[in-house]
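Asks: Structure file final.csv (CSV, C-alpha atoms) right here:
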chain,number,residue,atom,x,y,z
I,21,MET,CA,122.2,151.6,10.0
I,22,PHE,CA,120.7,152.6,13.3
I,23,ARG,CA,119.7,155.9,11.9
I,24,ALA,CA,117.0,153.9,10.2
I,25,VAL,CA,115.7,152.8,13.6
I,26,PHE,CA,115.8,156.3,14.9
I,27,ARG,CA,113.9,157.6,11.8
I,28,LEU,CA,111.2,155.0,12.4
I,29,SER,CA,110.9,156.0,16.1
I,30,THR,CA,108.2,158.6,16.6
I,31,THR,CA,110.3,160.8,18.9
I,32,GLY,CA,114.0,161.4,19.0
I,33,ALA,CA,114.1,161.6,22.7
I,34,ARG,CA,112.7,158.2,23.1
I,35,SER,CA,115.3,156.8,20.8
I,36,LEU,CA,118.0,157.7,23.3
I,37,ALA,CA,116.3,155.4,25.8
I,38,GLN,CA,116.4,152.4,23.4
I,39,PRO,CA,119.1,149.9,23.9
I,40,ARG,CA,122.0,150.2,21.5
I,41,LEU,CA,121.5,147.1,19.4
I,42,CYS,CA,124.6,146.5,17.3
I,43,ASN,CA,124.9,145.2,13.8
I,44,SER,CA,124.0,141.7,13.0
I,45,ALA,CA,126.3,139.0,11.9
I,46,PRO,CA,130.1,139.6,11.9
I,47,VAL,CA,131.7,139.9,15.2
I,48,ALA,CA,134.1,142.6,14.0
I,49,SER,CA,131.2,144.9,12.9
I,50,ARG,CA,130.7,147.7,15.5
I,51,CYS,CA,128.9,150.9,14.9
I,52,TYR,CA,131.6,153.2,16.2
I,53,SER,CA,135.0,151.7,15.4
I,54,HIS,CA,137.1,153.0,12.5
I,55,ALA,CA,138.5,149.5,11.9
I,56,LYS,CA,137.2,147.9,8.6
I,57,ALA,CA,134.1,145.8,9.0
I,58,GLU,CA,134.7,142.1,8.3
I,59,THR,CA,132.9,141.0,5.1
I,60,ASP,CA,130.6,138.0,5.0
I,61,GLU,CA,133.1,136.1,3.0
I,62,GLU,CA,135.9,136.8,5.5
I,63,PHE,CA,133.6,135.8,8.3
I,64,ASP,CA,132.7,132.5,6.6
I,65,ALA,CA,136.3,131.8,5.7
I,66,ARG,CA,137.4,132.4,9.3
I,67,TRP,CA,134.9,129.8,10.6
I,68,VAL,CA,135.6,127.3,7.9
I,69,THR,CA,139.3,127.5,8.9
I,70,TYR,CA,138.4,127.2,12.6
I,71,PHE,CA,136.6,123.9,12.1
I,72,ASN,CA,139.2,122.6,9.6
I,73,LYS,CA,141.9,122.4,12.2
I,74,PRO,CA,143.1,118.8,11.8
I,75,ASP,CA,143.6,118.2,15.6
I,76,ILE,CA,140.6,120.2,16.8
I,77,ASP,CA,139.5,119.0,20.2
I,78,ALA,CA,136.0,118.4,21.5
I,79,TRP,CA,136.0,121.5,23.6
I,80,GLU,CA,136.9,123.7,20.6
I,81,LEU,CA,134.2,122.1,18.5
I,82,ARG,CA,131.5,122.8,21.2
I,83,LYS,CA,132.9,126.3,21.8
I,84,GLY,CA,132.9,127.1,18.1
I,85,MET,CA,129.4,125.8,17.6
I,86,ASN,CA,128.0,127.6,20.6
I,87,THR,CA,129.7,130.9,19.5
I,88,LEU,CA,128.5,130.4,16.0
I,89,ILE,CA,124.9,129.8,17.1
I,90,GLY,CA,125.0,133.0,19.1
I,91,TYR,CA,125.3,135.2,16.0
I,92,ASP,CA,122.4,136.7,14.1
I,93,LEU,CA,122.8,134.4,11.1
I,94,VAL,CA,122.2,130.9,10.0
I,95,PRO,CA,125.7,129.4,9.3
I,96,GLU,CA,126.6,128.9,5.6
I,97,ALA,CA,126.6,125.4,4.2
I,98,LYS,CA,130.4,125.5,3.9
I,99,ILE,CA,130.8,126.3,7.6
I,100,LEU,CA,128.5,123.5,8.5
I,101,ASP,CA,130.3,121.1,6.2
I,102,SER,CA,133.6,122.0,8.0
I,103,ALA,CA,132.0,121.5,11.4
I,104,LEU,CA,130.5,118.1,10.4
I,105,ARG,CA,133.9,116.9,9.2
I,106,ALA,CA,135.4,118.0,12.5
I,107,CYS,CA,132.7,115.9,14.2
I,108,ARG,CA,133.8,113.0,12.0
I,109,ARG,CA,137.4,113.4,13.1
I,110,LEU,CA,136.3,113.4,16.7
I,111,ASP,CA,134.0,110.3,16.2
I,112,ASP,CA,131.1,112.5,17.4
I,113,LEU,CA,127.9,111.5,15.6
I,114,ALA,CA,125.7,113.0,18.3
I,115,SER,CA,127.2,116.5,17.8
I,116,ALA,CA,126.9,116.2,14.1
I,117,ILE,CA,123.1,115.5,14.3
I,118,ARG,CA,122.8,118.2,17.0
I,119,ILE,CA,124.4,120.7,14.7
I,120,LEU,CA,121.6,119.9,12.2
I,121,GLU,CA,118.9,120.4,14.8
I,122,ALA,CA,120.5,123.7,16.0
I,123,VAL,CA,120.6,125.0,12.4
I,124,LYS,CA,116.9,124.2,12.0
I,125,ASP,CA,116.2,126.0,15.2
I,126,LYS,CA,118.3,129.1,14.2
I,127,ALA,CA,116.2,129.5,11.1
I,128,GLY,CA,113.1,130.1,13.3
I,129,ASN,CA,110.0,130.8,11.2
I,130,HIS,CA,111.9,131.0,8.0
I,131,LYS,CA,111.0,127.5,6.8
I,132,ASP,CA,113.0,127.8,3.5
I,133,ILE,CA,116.4,127.8,5.1
I,134,TYR,CA,116.7,124.3,6.6
I,135,PRO,CA,115.6,122.4,3.4
I,136,TYR,CA,118.0,124.5,1.4
I,137,LEU,CA,120.9,123.7,3.8
I,138,ILE,CA,120.1,120.0,3.8
I,139,GLN,CA,120.1,120.1,0.0
I,140,GLU,CA,123.5,121.6,0.0
I,141,LEU,CA,124.8,119.3,2.7
I,142,THR,CA,123.4,116.0,1.3
I,143,PRO,CA,126.7,114.9,-0.4
I,144,THR,CA,128.6,115.5,2.9
I,145,LEU,CA,125.9,113.8,5.0
I,146,SER,CA,126.0,110.7,2.8
I,147,GLU,CA,129.8,110.7,2.6
I,148,LEU,CA,130.2,110.9,6.4
I,149,GLY,CA,127.1,108.6,7.1
I,150,ILE,CA,125.2,111.2,9.1
I,151,SER,CA,121.5,110.8,9.3
I,152,THR,CA,119.3,113.9,9.6
I,153,PRO,CA,116.9,114.3,12.6
I,154,GLU,CA,114.0,113.8,10.2
I,155,GLU,CA,115.4,110.4,9.0
I,156,LEU,CA,115.8,109.3,12.6
I,157,GLY,CA,112.3,110.5,13.5
I,158,ILE,CA,113.6,112.7,16.4
I,159,ASP,CA,112.4,115.9,14.8
I,160,LYS,CA,108.9,115.3,16.2
I,161,LEU,CA,108.1,115.5,19.9
N,15,MET,CA,114.2,120.8,-8.5
N,16,SER,CA,117.0,122.8,-6.7
N,17,LEU,CA,116.1,125.2,-4.0
N,18,PRO,CA,117.4,128.8,-4.4
N,19,LYS,CA,119.6,130.2,-1.6
N,20,PRO,CA,117.5,132.0,0.9
N,21,VAL,CA,118.6,135.0,3.0
N,22,MET,CA,120.4,133.6,6.0
N,23,ARG,CA,121.9,136.7,7.7
N,24,GLY,CA,120.5,139.5,9.8
N,25,LEU,CA,117.1,137.9,10.2
N,26,LEU,CA,116.8,139.0,13.9
N,27,GLY,CA,118.0,142.5,13.1
N,28,LYS,CA,115.5,142.8,10.4
N,29,ARG,CA,112.7,141.7,12.7
N,30,LEU,CA,113.7,144.0,15.5
N,31,ARG,CA,114.1,147.0,13.1
N,32,PHE,CA,110.5,146.4,12.1
N,33,HIS,CA,108.9,145.5,15.4
N,34,LEU,CA,110.8,147.6,18.0
N,35,PRO,CA,109.6,151.0,16.8
N,36,ILE,CA,106.1,149.6,16.7
N,37,ALA,CA,106.5,148.2,20.2
N,38,PHE,CA,107.8,151.4,21.7
N,39,SER,CA,105.2,153.5,19.9
N,40,LEU,CA,102.3,151.3,21.1
N,41,SER,CA,103.7,151.3,24.7
N,42,LEU,CA,104.0,155.1,24.6
N,43,LEU,CA,100.4,155.3,23.2
N,44,ALA,CA,99.1,153.0,26.0
N,45,ALA,CA,100.8,155.2,28.6
N,46,VAL,CA,99.4,158.4,27.1
N,47,ALA,CA,96.0,156.9,26.7
N,48,PHE,CA,96.0,155.8,30.3
N,49,LYS,CA,97.1,159.2,31.5
N,50,TYR,CA,94.4,161.1,29.6
N,51,GLY,CA,91.7,158.5,29.9
N,52,VAL,CA,92.1,157.5,33.5
N,53,THR,CA,94.4,159.5,35.7
N,54,GLU,CA,93.5,163.0,34.5
N,55,PRO,CA,89.7,162.5,34.8
N,56,ARG,CA,90.3,160.9,38.2
N,57,LYS,CA,92.4,163.9,39.4
N,58,GLN,CA,89.7,166.3,38.0
N,59,ALA,CA,87.0,164.4,39.9
N,60,TYR,CA,88.8,164.8,43.1
N,61,ALA,CA,89.5,168.5,42.4
N,62,ASP,CA,85.8,169.1,41.6
N,63,PHE,CA,84.7,167.3,44.7
N,64,TYR,CA,86.9,169.4,47.0
N,65,LYS,CA,86.3,172.7,45.3
N,66,GLN,CA,82.9,173.1,47.0
N,67,TYR,CA,83.8,171.0,50.1
N,68,ASP,CA,82.8,172.4,53.4
N,69,ALA,CA,84.8,170.6,56.1
N,70,VAL,CA,82.9,172.1,59.0
N,71,LYS,CA,79.5,171.2,57.6
N,72,GLU,CA,80.7,167.6,57.0
N,73,PHE,CA,82.1,167.5,60.5
N,74,ASN,CA,78.7,168.6,62.0
N,75,ALA,CA,76.9,166.0,60.0
N,76,MET,CA,79.2,163.3,61.3
N,77,ARG,CA,78.9,164.6,64.9
N,78,GLU,CA,75.1,164.5,64.7
N,79,ALA,CA,75.3,160.9,63.5
N,80,GLY,CA,77.1,160.1,66.8
N,81,ILE,CA,80.2,158.5,65.4
N,82,PHE,CA,82.7,160.5,67.4
N,83,GLU,CA,83.7,159.8,71.0
N,84,SER,CA,85.4,163.1,71.7
N,85,VAL,CA,82.3,165.2,70.9
N,86,ARG,CA,78.7,164.0,71.4
N,87,PRO,CA,75.7,165.1,69.2
N,88,SER,CA,74.6,168.6,70.2
N,89,GLY,CA,71.3,167.3,71.6
N,90,GLU,CA,72.9,165.3,74.6
Could you express the structure from this file as structure tokens?

Replies:
Amino acid sequence: MFRAVFRLSTTGARSLAQPRLCNSAPVASRCYSHAKAETDEEFDARWVTYFNKPDIDAWELRKGMNTLIGYDLVPEAKILDSALRACRRLDDLASAIRILEAVKDKAGNHKDIYPYLIQELTPTLSELGISTPEELGIDKL
Amino acid sequence: MSLPKPVMRGLLGKRLRFHLPIAFSLSLLAAVAFKYGVTEPRKQAYADFYKQYDAVKEFNAMREAGIFESVRPSGE
């Protein structure tokens, strides 16, 4: 995929000086390993399983969310659903709302992502009694 | 009205793949433009000045102006 970057560069010599950005989302995807790259579905399933741990503790929840936010992707609705349910098991409403704020921030300028995710998560949000930042008025400065 | 699923992966990668080559090319262009627009003319100006420079003549002009302490103007 980086051959595309090099083709776009105007000189080949300069491309050697460019930092080696590696591929976007999945952790297991590296440019130079002959291990199989993890598919998006496997990645999602792995994270859903992580948050589904029945006795997940607060540290693991924070660690998981921080790691997840570090990736070049906006987490899928099913991962967020699993994380919100983990917050419920930990009686952590603050983290649940923070997760929604983080996801909106991850989307950046792509304004279509957050409304879509809220649409997908509405059943979960009403089941668990989680308000969105917009409903609480804390999305404005 | 149900929203369609947007693209949620690789957004930064896509942005970088687009903007980084532009950024590097523009920087390179700026460097080349500065070299040929500023530094080369400057170097040429110095070279042209010193091509016909007569150090002795300049020294004598300065001497007559009386600015040196080690040699006085030829009149005194």

Asks: Can you measure atom CA of Lys83 of chain I to atom CA of Phe71 of chain I for me? One decimal in Å is fine.

Replies: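 Atom CA of Lys83 of chain I sits 10.7 Å away from atom CA of Phe71 of chain I.
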
Asks: Considering only C-alpha atoms, return as an mmCIF file with C-alpha atoms, keeping the file's coordinate frame whatever protein or nucleic-acid residues lie within 10 Å of segment 118-129 of chain I, sequence-local ones (same chain, fewer than 6 positions apart) excluded.

Replies:
data_model
loop_
_atom_site.group_PDB
_atom_site.id
_atom_site.type_symbol
_atom_site.label_atom_id
_atom_site.label_comp_id
_atom_site.auth_asym_id
_atom_site.auth_seq_id
_atom_site.Cartn_x
_atom_site.Cartn_y
_atom_site.Cartn_z
ATOM 1 C CA ARG I 82 131.500 122.800 21.200
ATOM 2 C CA MET I 85 129.400 125.800 17.600
ATOM 3 C CA ASN I 86 128.000 127.600 20.600
ATOM 4 C CA ILE I 89 124.900 129.800 17.100
ATOM 5 C CA GLY I 90 125.000 133.000 19.100
ATOM 6 C CA TYR I 91 125.300 135.200 16.000
ATOM 7 C CA ASP I 92 122.400 136.700 14.100
ATOM 8 C CA LEU I 93 122.800 134.400 11.100
ATOM 9 C CA VAL I 94 122.200 130.900 10.000
ATOM 10 C CA PRO I 95 125.700 129.400 9.300
ATOM 11 C CA GLU I 96 126.600 128.900 5.600
ATOM 12 C CA LEU I 100 128.500 123.500 8.500
ATOM 13 C CA ALA I 103 132.000 121.500 11.400
ATOM 14 C CA LEU I 104 130.500 118.100 10.400
ATOM 15 C CA CYS I 107 132.700 115.900 14.200
ATOM 16 C CA PRO I 135 115.600 122.400 3.400
ATOM 17 C CA LEU I 137 120.900 123.700 3.800
ATOM 18 C CA ILE I 138 120.100 120.000 3.800
ATOM 19 C CA ILE I 150 125.200 111.200 9.100
ATOM 20 C CA SER I 151 121.500 110.800 9.300
ATOM 21 C CA THR I 152 119.300 113.900 9.600
ATOM 22 C CA PRO I 153 116.900 114.300 12.600
ATOM 23 C CA GLU I 154 114.000 113.800 10.200
ATOM 24 C CA ILE I 158 113.600 112.700 16.400
ATOM 25 C CA ASP I 159 112.400 115.900 14.800
ATOM 26 C CA MET N 22 120.400 133.600 6.000
ATOM 27 C CA ARG N 23 121.900 136.700 7.700
ATOM 28 C CA LEU N 25 117.100 137.900 10.200
ATOM 29 C CA LEU N 26 116.800 139.000 13.900
#

Asks: Rounded to one decimal in Å, what is the spacing between atom CA of Val52 of chain N and atom CA of His33 of chain N?

Replies: 27.5 Å

Asks: Enter the distance from atom CA of Lys160 of chain I to atom CA of Asp112 of chain I, in Å, rounded to one decimal.

Replies: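 So the two atoms, atom CA of Lys160 of chain I and atom CA of Asp112 of chain I, lie 22.4 Å apart.
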
Asks: At most 12 Å is the cut-off: for each residue in chain N with any atom that close to an atom of chain I, write down the nearest atom pair and the distance in Å rounded to one decimal, counting all atoms listed in the file, chain first then increasing number, as a Markdown table.

Replies:
| residue | atom | partner | partner_atom | distance |
| --- | --- | --- | --- | --- |
| N:Met15 | CA | I:Gln139 | CA | 10.4 |
| N:Ser16 | CA | I:Gln139 | CA | 7.9 |
| N:Leu17 | CA | I:Tyr136 | CA | 5.8 |
| N:Pro18 | CA | I:Tyr136 | CA | 7.2 |
| N:Lys19 | CA | I:Tyr136 | CA | 6.6 |
| N:Pro20 | CA | I:Ile133 | CA | 6.0 |
| N:Val21 | CA | I:Ile133 | CA | 7.8 |
| N:Met22 | CA | I:Val94 | CA | 5.2 |
| N:Arg23 | CA | I:Leu93 | CA | 4.2 |
| N:Gly24 | CA | I:Ser44 | CA | 5.2 |
| N:Leu25 | CA | I:Asp92 | CA | 6.7 |
| N:Leu26 | CA | I:Asp92 | CA | 6.1 |
| N:Gly27 | CA | I:Ser44 | CA | 6.1 |
| N:Lys28 | CA | I:Ser44 | CA | 9.0 |
| N:Arg29 | CA | I:Asp92 | CA | 11.0 |
| N:Leu30 | CA | I:Val25 | CA | 9.2 |
| N:Arg31 | CA | I:Val25 | CA | 6.0 |
| N:Phe32 | CA | I:Val25 | CA | 8.4 |
| N:His33 | CA | I:Val25 | CA | 10.1 |
| N:Leu34 | CA | I:Val25 | CA | 8.4 |
| N:Pro35 | CA | I:Ser29 | CA | 5.2 |
| N:Ile36 | CA | I:Ser29 | CA | 8.0 |
| N:Ala37 | CA | I:Ser29 | CA | 9.8 |
| N:Phe38 | CA | I:Ser29 | CA | 7.9 |
| N:Ser39 | CA | I:Thr30 | CA | 6.8 |
| N:Leu40 | CA | I:Thr30 | CA | 10.4 |
| N:Ser41 | CA | I:Arg34 | CA | 11.5 |
| N:Leu42 | CA | I:Arg34 | CA | 9.4 |
| N:Leu43 | CA | I:Thr30 | CA | 10.7 |

Asks: Using only C-alpha atoms, find the one residue out of I:Glu155, I:Glu80, I:Lys98, I:Leu88 that sits nearest to Leu110 of chain I.

Replies: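 Of the candidates, the smallest distance to Leu110 of chain I is held by I:Glu80.
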